[in-house]
file final-v9.csv (CSV, C-alpha atoms)
chain,number,residue,atom,x,y,z
U,1,MET,CA,0.0,0.0,0.0
U,2,VAL,CA,1.0,3.6,-0.5
U,3,ALA,CA,2.4,4.9,2.8
U,4,GLY,CA,0.1,7.4,4.3
U,5,VAL,CA,-2.7,7.2,1.8
U,6,GLU,CA,-3.9,3.8,3.0
U,7,ARG,CA,-4.7,5.2,6.4
U,8,ILE,CA,-7.5,7.4,5.1
U,9,SER,CA,-10.0,4.5,5.6
U,10,SER,CA,-10.4,0.8,5.3
U,11,GLY,CA,-12.6,0.8,2.2
U,12,GLN,CA,-12.2,-1.0,-1.1
U,13,PRO,CA,-8.7,-1.3,-2.6
U,14,ILE,CA,-7.8,0.5,-5.8
U,15,ILE,CA,-4.5,0.4,-7.8
U,16,MET,CA,-2.7,3.8,-7.6
U,17,ASN,CA,0.7,4.3,-9.3
U,18,GLY,CA,0.9,0.5,-9.5
U,19,ILE,CA,0.3,0.0,-5.7
U,20,GLU,CA,-2.8,-1.2,-4.0
U,21,VAL,CA,-4.4,1.5,-1.8
U,22,SER,CA,-7.4,1.2,0.5
U,23,VAL,CA,-9.7,4.2,0.4
U,24,ASP,CA,-13.4,5.0,1.2
U,25,LYS,CA,-14.7,5.7,-2.3
U,26,ASN,CA,-17.6,7.8,-1.0
U,27,ALA,CA,-15.8,10.0,1.6
U,28,MET,CA,-15.5,13.0,-0.8
U,29,GLN,CA,-18.6,12.3,-2.9
U,30,GLY,CA,-20.1,15.5,-4.2
U,31,LYS,CA,-17.1,17.6,-3.4
U,32,VAL,CA,-15.1,19.7,-5.9
U,33,CYS,CA,-11.3,19.9,-5.2
U,34,LEU,CA,-8.7,22.0,-7.0
U,35,VAL,CA,-5.1,20.8,-6.6
U,36,THR,CA,-2.3,23.0,-8.1
U,37,GLY,CA,1.0,21.6,-9.1
U,38,ALA,CA,-0.5,18.1,-9.5
U,39,THR,CA,1.4,16.6,-12.3
U,40,ALA,CA,4.0,15.0,-10.1
U,41,GLY,CA,5.1,14.4,-6.5
U,42,ILE,CA,2.8,15.0,-3.6
U,43,GLY,CA,0.3,17.0,-5.6
U,44,LYS,CA,-0.3,14.1,-7.9
U,45,VAL,CA,-0.7,11.7,-5.1
U,46,ALA,CA,-3.1,14.0,-3.2
U,47,ALA,CA,-5.2,14.6,-6.3
U,48,ALA,CA,-5.4,10.8,-7.0
U,49,ALA,CA,-6.4,10.1,-3.3
U,50,LEU,CA,-9.1,12.7,-3.4
U,51,ALA,CA,-10.4,11.3,-6.7
U,52,ALA,CA,-10.3,7.8,-5.2
U,53,GLN,CA,-12.6,9.1,-2.4
U,54,GLY,CA,-15.2,10.2,-4.9
U,55,ALA,CA,-14.4,13.9,-5.3
U,56,GLU,CA,-14.6,15.8,-8.6
U,57,VAL,CA,-10.9,16.8,-9.0
U,58,VAL,CA,-9.4,19.5,-11.1
U,59,ILE,CA,-5.6,19.5,-11.4
U,60,THR,CA,-3.3,22.2,-12.7
U,61,GLY,CA,-0.1,22.0,-14.6
U,62,ARG,CA,2.0,23.9,-17.1
U,63,ASN,CA,2.6,21.3,-19.8
U,64,PRO,CA,-0.5,20.5,-21.8
U,65,GLN,CA,0.4,16.9,-22.7
U,66,LYS,CA,1.8,16.0,-19.3
U,67,THR,CA,-1.2,17.5,-17.4
U,68,SER,CA,-3.6,15.7,-19.7
U,69,ASP,CA,-1.8,12.4,-19.3
U,70,VAL,CA,-1.8,12.7,-15.5
U,71,ALA,CA,-5.6,13.4,-15.5
U,72,ASP,CA,-6.1,10.3,-17.6
U,73,GLN,CA,-3.9,8.3,-15.3
U,74,ILE,CA,-5.8,9.3,-12.2
U,75,LYS,CA,-9.1,8.4,-14.0
U,76,SER,CA,-7.7,5.0,-14.9
U,77,GLU,CA,-6.3,4.1,-11.6
U,78,THR,CA,-9.1,5.4,-9.4
U,79,GLY,CA,-12.1,4.6,-11.6
U,80,ASN,CA,-13.3,8.2,-11.2
U,81,GLN,CA,-14.0,9.8,-14.5
U,82,SER,CA,-14.6,13.2,-12.9
U,83,VAL,CA,-11.0,14.4,-13.1
U,84,GLN,CA,-10.3,17.4,-15.2
U,85,TYR,CA,-7.4,19.7,-15.8
U,86,LEU,CA,-6.6,23.4,-16.3
U,87,LEU,CA,-3.4,24.9,-17.5
U,88,ALA,CA,-1.4,27.8,-15.9
U,89,ASP,CA,2.2,28.8,-15.4
U,90,PHE,CA,2.4,30.4,-12.0
U,91,SER,CA,5.3,32.6,-13.1
U,92,ASN,CA,2.7,34.5,-15.1
U,93,LEU,CA,0.0,36.2,-13.0
U,94,GLN,CA,-2.3,36.7,-16.0
U,95,GLN,CA,-2.3,32.9,-16.5
U,96,VAL,CA,-3.3,32.7,-12.8
U,97,ARG,CA,-6.2,35.0,-13.5
U,98,ASP,CA,-7.2,33.0,-16.5
U,99,LEU,CA,-7.1,29.8,-14.5
U,100,ALA,CA,-9.4,31.3,-11.9
U,101,ALA,CA,-11.8,32.6,-14.6
U,102,ALA,CA,-11.8,29.2,-16.4
U,103,PHE,CA,-12.5,27.4,-13.2
U,104,LYS,CA,-15.5,29.7,-12.3
U,105,GLN,CA,-16.9,29.2,-15.8
U,106,ARG,CA,-17.1,25.5,-15.3
U,107,TYR,CA,-17.8,25.1,-11.6
U,108,SER,CA,-20.2,26.9,-9.2
U,109,ARG,CA,-18.6,25.4,-6.0
U,110,LEU,CA,-15.1,24.7,-4.6
U,111,ASP,CA,-15.0,22.6,-1.5
U,112,VAL,CA,-11.2,22.2,-1.2
U,113,LEU,CA,-8.4,24.4,-2.6
U,114,LEU,CA,-5.0,22.7,-2.2
U,115,ASN,CA,-2.3,25.2,-3.0
U,116,ASN,CA,0.6,22.9,-3.7
U,117,ALA,CA,2.4,24.4,-6.7
U,118,GLY,CA,5.8,25.7,-5.9
U,119,ALA,CA,9.4,26.2,-7.2
U,120,PHE,CA,13.0,26.6,-6.2
U,121,PHE,CA,15.7,28.4,-8.1
U,122,ASN,CA,19.4,28.2,-7.1
U,123,THR,CA,20.1,31.3,-9.0
U,124,ARG,CA,18.1,34.6,-8.9
U,125,VAL,CA,15.5,34.9,-11.7
U,126,GLU,CA,14.2,38.4,-12.2
U,127,THR,CA,10.5,39.0,-12.9
U,128,SER,CA,8.5,42.0,-14.2
U,129,TYR,CA,6.4,42.0,-11.0
U,130,GLY,CA,9.0,43.6,-8.6
U,131,VAL,CA,9.9,40.3,-6.9
U,132,GLU,CA,12.1,37.4,-7.8
U,133,MET,CA,10.7,34.2,-9.2
U,134,VAL,CA,10.6,32.0,-6.1
U,135,PHE,CA,8.5,34.6,-4.2
U,136,LEU,CA,6.3,35.1,-7.3
U,137,VAL,CA,5.5,31.4,-7.8
U,138,ASN,CA,5.4,30.2,-4.2
U,139,HIS,CA,3.5,33.2,-2.7
U,140,LEU,CA,2.0,35.8,-5.0
U,141,ALA,CA,0.5,33.2,-7.4
U,142,PRO,CA,-1.4,31.2,-4.7
U,143,PHE,CA,-2.3,34.5,-2.9
U,144,LEU,CA,-3.9,35.8,-6.1
U,145,LEU,CA,-5.6,32.5,-7.1
U,146,THR,CA,-7.0,32.0,-3.6
U,147,ASN,CA,-8.5,35.5,-3.5
U,148,LEU,CA,-9.9,35.2,-7.0
U,149,LEU,CA,-11.7,32.0,-6.0
U,150,LEU,CA,-12.9,33.1,-2.5
U,151,ASP,CA,-16.4,33.9,-3.6
U,152,VAL,CA,-16.8,30.4,-5.0
U,153,ILE,CA,-15.2,28.9,-1.9
U,154,GLN,CA,-17.5,30.8,0.5
U,155,ALA,CA,-20.5,29.7,-1.5
U,156,SER,CA,-19.5,26.1,-0.8
U,157,THR,CA,-19.2,26.0,3.0
U,158,PRO,CA,-18.0,24.2,4.9
U,159,ALA,CA,-14.9,24.5,2.7
U,160,ARG,CA,-11.2,24.1,3.2
U,161,ILE,CA,-8.0,25.8,2.0
U,162,VAL,CA,-4.7,24.0,2.4
U,163,ASN,CA,-1.4,25.8,1.8
U,164,VAL,CA,1.7,23.7,1.4
U,165,SER,CA,4.6,25.4,3.2
U,166,SER,CA,7.8,24.0,4.7
U,167,ASP,CA,9.7,23.9,7.9
U,168,THR,CA,12.3,26.0,6.1
U,169,HIS,CA,10.0,28.9,6.9
U,170,LYS,CA,11.6,29.0,10.3
U,171,TYR,CA,14.7,30.4,8.7
U,172,GLY,CA,12.9,32.9,6.6
U,173,THR,CA,12.8,36.7,7.0
U,174,LEU,CA,10.9,39.4,5.2
U,175,ASN,CA,12.7,42.5,3.9
U,176,PHE,CA,9.8,44.5,2.3
U,177,GLU,CA,12.4,46.9,0.8
U,178,ASP,CA,14.0,44.1,-1.2
U,179,LEU,CA,11.5,41.4,-2.1
U,180,GLY,CA,13.3,41.2,-5.4
U,181,PHE,CA,16.3,39.8,-3.5
U,182,GLU,CA,18.6,42.1,-5.5
U,183,ARG,CA,21.1,42.0,-2.7
U,184,GLY,CA,22.7,38.8,-1.5
U,185,TYR,CA,20.5,36.2,-3.3
U,186,PHE,CA,20.8,32.6,-2.1
U,187,GLY,CA,18.4,30.0,-3.2
U,188,MET,CA,17.5,28.6,0.2
U,189,LYS,CA,17.1,32.0,1.7
U,190,ALA,CA,14.6,32.9,-1.1
U,191,TYR,CA,12.7,29.6,-0.6
U,192,ALA,CA,12.6,30.1,3.2
U,193,ARG,CA,11.2,33.6,2.7
U,194,SER,CA,8.4,32.3,0.3
U,195,LYS,CA,7.5,29.6,2.7
U,196,LEU,CA,7.3,32.1,5.6
U,197,ALA,CA,5.0,34.1,3.4
U,198,ASN,CA,2.8,31.0,3.0
U,199,VAL,CA,2.3,30.7,6.7
U,200,LEU,CA,1.7,34.4,7.3
U,201,PHE,CA,-0.8,34.3,4.5
U,202,THR,CA,-2.5,31.3,6.0
U,203,TYR,CA,-2.9,32.9,9.4
U,204,GLU,CA,-4.1,36.3,8.0
U,205,LEU,CA,-6.6,34.6,5.7
U,206,ALA,CA,-7.9,32.4,8.6
U,207,ARG,CA,-8.5,35.6,10.6
U,208,ARG,CA,-10.4,37.2,7.8
U,209,LEU,CA,-12.5,34.2,7.2
U,210,ALA,CA,-13.1,33.4,10.9
U,211,GLU,CA,-16.9,33.7,10.7
U,212,ARG,CA,-17.3,32.2,7.2
U,213,ASP,CA,-17.0,28.4,7.8
U,214,VAL,CA,-13.9,28.2,5.7
U,215,THR,CA,-10.9,26.6,7.3
U,216,VAL,CA,-7.4,27.7,6.2
U,217,ASN,CA,-4.3,25.7,7.3
U,218,ALA,CA,-0.7,25.4,6.3
U,219,VAL,CA,1.3,22.1,6.2
U,220,HIS,CA,4.8,21.0,6.1
U,221,PRO,CA,4.7,17.7,4.1
U,222,GLY,CA,8.2,16.6,5.3
U,223,HIS,CA,11.4,16.3,3.4
U,224,VAL,CA,10.2,14.7,0.2
U,225,ALA,CA,12.4,13.4,-2.6
U,226,THR,CA,11.8,15.7,-5.5
U,227,ASP,CA,13.4,17.0,-8.7
U,228,ILE,CA,14.6,20.2,-7.0
U,229,TRP,CA,18.1,18.7,-6.6
U,230,LYS,CA,18.1,17.4,-10.1
U,231,THR,CA,17.0,20.5,-11.9
U,232,ASN,CA,18.8,23.2,-9.9
U,233,PHE,CA,22.3,21.9,-9.2
U,234,SER,CA,23.8,21.4,-12.7
U,235,ILE,CA,25.7,18.2,-13.3
U,236,PHE,CA,25.6,17.3,-9.6
U,237,GLY,CA,21.8,17.4,-9.5
U,238,PRO,CA,21.1,13.7,-10.2
U,239,ALA,CA,23.6,12.6,-7.6
U,240,LEU,CA,22.2,15.0,-5.0
U,241,LYS,CA,18.7,13.8,-5.7
U,242,TYR,CA,19.8,10.2,-5.3
U,243,ILE,CA,21.5,10.9,-2.0
U,244,THR,CA,18.5,12.8,-0.5
U,245,SER,CA,16.2,10.0,-1.7
U,246,LEU,CA,18.0,7.6,0.7
U,247,PHE,CA,16.5,9.4,3.7
U,248,ALA,CA,13.7,11.6,2.3
U,249,LEU,CA,10.0,10.7,2.4
U,250,THR,CA,8.4,9.3,-0.7
U,251,PRO,CA,5.7,11.4,-2.4
U,252,GLN,CA,3.1,9.0,-1.0
U,253,GLN,CA,4.3,9.6,2.5
U,254,GLY,CA,4.6,13.4,2.0
U,255,ALA,CA,1.1,13.7,0.6
U,256,ASP,CA,-0.5,12.0,3.6
U,257,ALA,CA,-0.8,15.3,5.6
U,258,LEU,CA,-2.2,17.1,2.6
U,259,ILE,CA,-4.9,14.5,2.0
U,260,TYR,CA,-5.7,14.5,5.8
U,261,LEU,CA,-6.2,18.2,5.9
U,262,ALA,CA,-8.3,18.2,2.7
U,263,SER,CA,-10.6,15.3,3.6
U,264,SER,CA,-10.5,14.1,7.2
U,265,SER,CA,-13.4,14.8,9.5
U,266,ASP,CA,-10.8,14.9,12.3
U,267,VAL,CA,-9.9,18.5,11.3
U,268,ALA,CA,-13.3,19.8,10.5
U,269,GLY,CA,-13.6,23.3,11.8
U,270,ILE,CA,-9.9,23.6,12.7
U,271,THR,CA,-8.3,26.7,11.1
U,272,GLY,CA,-5.3,28.9,11.3
U,273,GLN,CA,-2.9,26.1,12.2
U,274,TYR,CA,0.4,24.8,10.9
U,275,PHE,CA,0.6,21.1,10.6
U,276,VAL,CA,3.4,18.6,10.5
U,277,LYS,CA,2.5,14.9,9.9
U,278,ARG,CA,-1.2,15.4,10.9
U,279,LYS,CA,-0.3,17.3,14.0
U,280,ALA,CA,-0.8,21.0,14.6
U,281,VAL,CA,2.5,22.4,15.9
U,282,PRO,CA,3.9,25.9,16.5
U,283,SER,CA,5.4,27.7,13.6
U,284,SER,CA,8.2,30.3,13.8
U,285,PRO,CA,7.7,33.3,16.2
U,286,LEU,CA,7.8,35.7,13.2
U,287,SER,CA,4.9,33.9,11.5
U,288,TYR,CA,2.6,35.0,14.3
U,289,ASP,CA,3.3,38.8,13.8
U,290,GLU,CA,-0.1,40.2,12.8
U,291,LYS,CA,1.4,43.5,11.7
U,292,ILE,CA,3.8,41.8,9.4
U,293,ALA,CA,1.0,39.6,8.0
U,294,GLN,CA,-1.2,42.6,7.3
U,295,ARG,CA,1.6,44.5,5.6
U,296,LEU,CA,2.5,41.4,3.5
U,297,TRP,CA,-1.2,41.2,2.5
U,298,GLU,CA,-1.3,44.8,1.4
U,299,ILE,CA,1.9,44.5,-0.5
U,300,SER,CA,0.7,41.3,-2.1
U,301,GLU,CA,-2.5,43.0,-3.2
U,302,SER,CA,-0.4,45.8,-4.8
U,303,PHE,CA,2.0,43.4,-6.6
U,304,THR,CA,-0.9,41.3,-8.0
U,305,SER,CA,-3.2,44.3,-8.7
U,306,LEU,CA,-5.8,42.4,-6.8
U,307,LYS,CA,-7.9,45.5,-6.1

call {"tool": "encode", "arguments": {"input": "final-v9.csv", "output": "structure tokens"}}
result
Amino acid sequence: MVAGVERISSGQPIIMNGIEVSVDKNAMQGKVCLVTGATAGIGKVAAAALAAQGAEVVITGRNPQKTSDVADQIKSETGNQSVQYLLADFSNLQQVRDLAAAFKQRYSRLDVLLNNAGAFFNTRVETSYGVEMVFLVNHLAPFLLTNLLLDVIQASTPARIVNVSSDTHKYGTLNFEDLGFERGYFGMKAYARSKLANVLFTYELARRLAERDVTVNAVHPGHVATDIWKTNFSIFGPALKYITSLFALTPQQGADALIYLASSSDVAGITGQYFVKRKAVPSSPLSYDEKIAQRLWEISESFTSLK
């Protein structure tokens, strides 16, 4: 069985990624779930698990053929034909806007938004938005998408928003005068900053939706073996990925907490929390600073032209 996913329930088995998985095929019946960055890794596993539980699942990706193929694979392996896909490159905020508009044209409800798409760049990539690429993809894009879909989410209560962060947020700082990281760029520093922004955004959104029956939580999926090492460290990338895979979690294990927060009745009504392995734990002291969270929100609105 796929580690983590099989603990959802003790229902009928299905074959997912070539492995037998036990799920309750009716647990998410009638629910609509949007999972970003779902063409590989934990996003793909989470999308498949939600589909296996009966949800109508919409996945997002950048590559048309790959995204279509993953949607077809999830349909085949789960037996759920209600799996669709939408395309968007999160480095382009207009495509994020188009994604939100396309979703709202097709669906009148959204029960679960799982903000999973993310990126890491070992070298600084400049953007036209006034921030560097990691901050754009990991924070501004999900910030914009979530806000554009809030009306549909609030019309679907009780609803859930799950933001994938990382324990690296504990090493993050926010310099509002240099969000472009023009001075002293280092890949992990930029990544940590974006993940801190994810947690600050989670807490601020939870406060704003406190009376709306919409839960908002952040999650650290654990240290999962991904292609970050392979694609960002030149000729040493494949070797680094192999070394990390020896002690890292599998995507199936890493996706467990995402699936739990998206579907389990255990966390119904729980909001404004940071989860690690199904457990709400304290995040960094900086992440609880409401003034910083409010300023980040206002600056994010400006960068995304949300108003």

call {"tool": "closest_atom_pairs", "arguments": {"input": "final-v9.csv", "of": "stretch 138-236 of chain U", "to": "stretch 266-285 of chain U", "cutoff": "10 Å", "atoms": "all atoms listed in the file", "output": "Markdown table"}}
result
| residue | atom | partner | partner_atom | distance |
| --- | --- | --- | --- | --- |
| U:Pro158 | CA | U:Gly269 | CA | 8.2 |
| U:Ala159 | CA | U:Ala268 | CA | 9.2 |
| U:Arg160 | CA | U:Ala268 | CA | 8.7 |
| U:Ile161 | CA | U:Thr271 | CA | 9.1 |
| U:Val162 | CA | U:Thr271 | CA | 9.8 |
| U:Asn163 | CA | U:Tyr274 | CA | 9.3 |
| U:Val164 | CA | U:Phe275 | CA | 9.6 |
| U:Ser165 | CA | U:Tyr274 | CA | 8.8 |
| U:Ser166 | CA | U:Val276 | CA | 9.1 |
| U:Asp167 | CA | U:Ser283 | CA | 8.1 |
| U:Thr168 | CA | U:Ser284 | CA | 9.7 |
| U:His169 | CA | U:Ser284 | CA | 7.3 |
| U:Lys170 | CA | U:Ser284 | CA | 5.0 |
| U:Tyr171 | CA | U:Ser284 | CA | 8.3 |
| U:Gly172 | CA | U:Ser284 | CA | 9.0 |
| U:Leu196 | CA | U:Ser284 | CA | 8.4 |
| U:Val199 | CA | U:Tyr274 | CA | 7.5 |
| U:Leu200 | CA | U:Gly272 | CA | 9.8 |
| U:Phe201 | CA | U:Gly272 | CA | 9.8 |
| U:Thr202 | CA | U:Gly272 | CA | 6.5 |
| U:Tyr203 | CA | U:Gly272 | CA | 5.0 |
| U:Glu204 | CA | U:Gly272 | CA | 8.2 |
| U:Leu205 | CA | U:Gly272 | CA | 8.1 |
| U:Ala206 | CA | U:Gly272 | CA | 5.1 |
| U:Arg207 | CA | U:Gly272 | CA | 7.5 |
| U:Leu209 | CA | U:Thr271 | CA | 9.4 |
| U:Ala210 | CA | U:Thr271 | CA | 8.2 |
| U:Asp213 | CA | U:Gly269 | CA | 7.3 |
| U:Val214 | CA | U:Gly269 | CA | 7.8 |
| U:Thr215 | CA | U:Thr271 | CA | 4.6 |
| U:Val216 | CA | U:Thr271 | CA | 5.1 |
| U:Asn217 | CA | U:Gln273 | CA | 5.1 |
| U:Ala218 | CA | U:Tyr274 | CA | 4.8 |
| U:Val219 | CA | U:Phe275 | CA | 4.6 |
| U:His220 | CA | U:Val276 | CA | 5.2 |
| U:Pro221 | CA | U:Val276 | CA | 6.6 |
| U:Gly222 | CA | U:Val276 | CA | 7.4 |

call {"tool": "residues_around", "arguments": {"input": "final-v9.csv", "residues": "U:Val32", "least_positions_apart": "6", "cutoff": "6 Å", "atoms": "all atoms listed in the file", "output": "ChimeraX atom specification"}}
result
/U:55-57,110-111

call {"tool": "closest_residue", "arguments": {"input": "final-v9.csv", "among": "U:Leu179, U:Val96, U:Ala38, U:Ala52", "to": "U:Ala71", "atoms": "all atoms listed in the file"}}
result
U:Ala38

call {"tool": "atom_distance", "arguments": {"input": "final-v9.csv", "atom1": "atom CA of U:Phe120", "atom2": "atom CA of U:Ala101"}}
result
26.9 Å

call {"tool": "closest_residue", "arguments": {"input": "final-v9.csv", "among": "U:Leu149, U:Ala100, U:Ile42, U:Ala51", "to": "U:Ser263", "atoms": "all atoms listed in the file"}}
result
U:Ala51

call {"tool": "closest_residue", "arguments": {"input": "final-v9.csv", "among": "U:Leu99, U:Val45, U:Ile292, U:Met28", "to": "U:Gly61", "atoms": "only C-alpha atoms"}}
result
U:Leu99

call {"tool": "atom_distance", "arguments": {"input": "final-v9.csv", "atom1": "atom CA of U:Arg106", "atom2": "atom CA of U:Thr60"}}
result
14.4 Å

call {"tool": "atom_distance", "arguments": {"input": "final-v9.csv", "atom1": "atom CA of U:Lys291", "atom2": "atom CA of U:Arg97"}}
result
27.7 Å

call {"tool": "closest_residue", "arguments": {"input": "final-v9.csv", "among": "U:Asn80, U:Phe135, U:Val112, U:Ala262", "to": "U:Phe176", "atoms": "all atoms listed in the file"}}
result
U:Phe135

call {"tool": "residues_around", "arguments": {"input": "final-v9.csv", "residues": "U:Thr146", "least_positions_apart": "2", "cutoff": "9 Å", "atoms": "only C-alpha atoms", "output": "list in words"}}
result
Ala100, Leu113, Asn115, Ala141, Pro142, Phe143, Leu144, Leu148, Leu149, Leu150, Ile153 and Ile161 of chain U

call {"tool": "closest_residue", "arguments": {"input": "final-v9.csv", "among": "U:Gly184, U:Gly37, U:Gly79, U:Gly54", "to": "U:Val137", "atoms": "all atoms listed in the file"}}
result
U:Gly37

call {"tool": "closest_residue", "arguments": {"input": "final-v9.csv", "among": "U:Ser194, U:Thr67, U:Gln53, U:Gln94", "to": "U:Tyr129", "atoms": "all atoms listed in the file"}}
result
U:Gln94

call {"tool": "decode", "arguments": {"input": "final-v9.csv", "residues": "stretch 126-178 of chain U", "atoms": "C-alpha atoms", "output": "PDB file, in the first residue's frame"}}
result
ATOM      1  CA  GLU U 126      14.196  38.441 -12.152  1.00  0.00           C
ATOM      2  CA  THR U 127      10.516  39.027 -12.947  1.00  0.00           C
ATOM      3  CA  SER U 128       8.479  41.983 -14.176  1.00  0.00           C
ATOM      4  CA  TYR U 129       6.415  42.020 -10.969  1.00  0.00           C
ATOM      5  CA  GLY U 130       8.996  43.583  -8.642  1.00  0.00           C
ATOM      6  CA  VAL U 131       9.850  40.304  -6.894  1.00  0.00           C
ATOM      7  CA  GLU U 132      12.116  37.402  -7.762  1.00  0.00           C
ATOM      8  CA  MET U 133      10.731  34.184  -9.217  1.00  0.00           C
ATOM      9  CA  VAL U 134      10.554  32.018  -6.068  1.00  0.00           C
ATOM     10  CA  PHE U 135       8.462  34.598  -4.221  1.00  0.00           C
ATOM     11  CA  LEU U 136       6.268  35.059  -7.283  1.00  0.00           C
ATOM     12  CA  VAL U 137       5.509  31.370  -7.827  1.00  0.00           C
ATOM     13  CA  ASN U 138       5.374  30.249  -4.198  1.00  0.00           C
ATOM     14  CA  HIS U 139       3.505  33.173  -2.654  1.00  0.00           C
ATOM     15  CA  LEU U 140       2.035  35.763  -5.024  1.00  0.00           C
ATOM     16  CA  ALA U 141       0.495  33.237  -7.421  1.00  0.00           C
ATOM     17  CA  PRO U 142      -1.389  31.210  -4.749  1.00  0.00           C
ATOM     18  CA  PHE U 143      -2.279  34.457  -2.941  1.00  0.00           C
ATOM     19  CA  LEU U 144      -3.898  35.767  -6.117  1.00  0.00           C
ATOM     20  CA  LEU U 145      -5.572  32.475  -7.067  1.00  0.00           C
ATOM     21  CA  THR U 146      -7.047  32.011  -3.594  1.00  0.00           C
ATOM     22  CA  ASN U 147      -8.469  35.510  -3.485  1.00  0.00           C
ATOM     23  CA  LEU U 148      -9.943  35.230  -6.975  1.00  0.00           C
ATOM     24  CA  LEU U 149     -11.705  32.008  -5.962  1.00  0.00           C
ATOM     25  CA  LEU U 150     -12.854  33.132  -2.517  1.00  0.00           C
ATOM     26  CA  ASP U 151     -16.396  33.901  -3.635  1.00  0.00           C
ATOM     27  CA  VAL U 152     -16.844  30.357  -4.967  1.00  0.00           C
ATOM     28  CA  ILE U 153     -15.203  28.879  -1.879  1.00  0.00           C
ATOM     29  CA  GLN U 154     -17.465  30.840   0.470  1.00  0.00           C
ATOM     30  CA  ALA U 155     -20.479  29.678  -1.509  1.00  0.00           C
ATOM     31  CA  SER U 156     -19.452  26.067  -0.821  1.00  0.00           C
ATOM     32  CA  THR U 157     -19.216  26.048   2.956  1.00  0.00           C
ATOM     33  CA  PRO U 158     -18.009  24.207   4.859  1.00  0.00           C
ATOM     34  CA  ALA U 159     -14.910  24.538   2.692  1.00  0.00           C
ATOM     35  CA  ARG U 160     -11.175  24.121   3.166  1.00  0.00           C
ATOM     36  CA  ILE U 161      -8.012  25.829   1.959  1.00  0.00           C
ATOM     37  CA  VAL U 162      -4.712  24.001   2.420  1.00  0.00           C
ATOM     38  CA  ASN U 163      -1.434  25.809   1.779  1.00  0.00           C
ATOM     39  CA  VAL U 164       1.713  23.743   1.365  1.00  0.00           C
ATOM     40  CA  SER U 165       4.566  25.422   3.234  1.00  0.00           C
ATOM     41  CA  SER U 166       7.790  23.993   4.670  1.00  0.00           C
ATOM     42  CA  ASP U 167       9.702  23.901   7.923  1.00  0.00           C
ATOM     43  CA  THR U 168      12.308  26.027   6.144  1.00  0.00           C
ATOM     44  CA  HIS U 169       9.954  28.945   6.857  1.00  0.00           C
ATOM     45  CA  LYS U 170      11.595  29.029  10.302  1.00  0.00           C
ATOM     46  CA  TYR U 171      14.742  30.374   8.654  1.00  0.00           C
ATOM     47  CA  GLY U 172      12.896  32.940   6.579  1.00  0.00           C
ATOM     48  CA  THR U 173      12.846  36.703   6.996  1.00  0.00           C
ATOM     49  CA  LEU U 174      10.919  39.419   5.186  1.00  0.00           C
ATOM     50  CA  ASN U 175      12.663  42.502   3.865  1.00  0.00           C
ATOM     51  CA  PHE U 176       9.825  44.498   2.338  1.00  0.00           C
ATOM     52  CA  GLU U 177      12.360  46.874   0.798  1.00  0.00           C
ATOM     53  CA  ASP U 178      14.023  44.080  -1.174  1.00  0.00           C
TER      54      ASP U 178
END
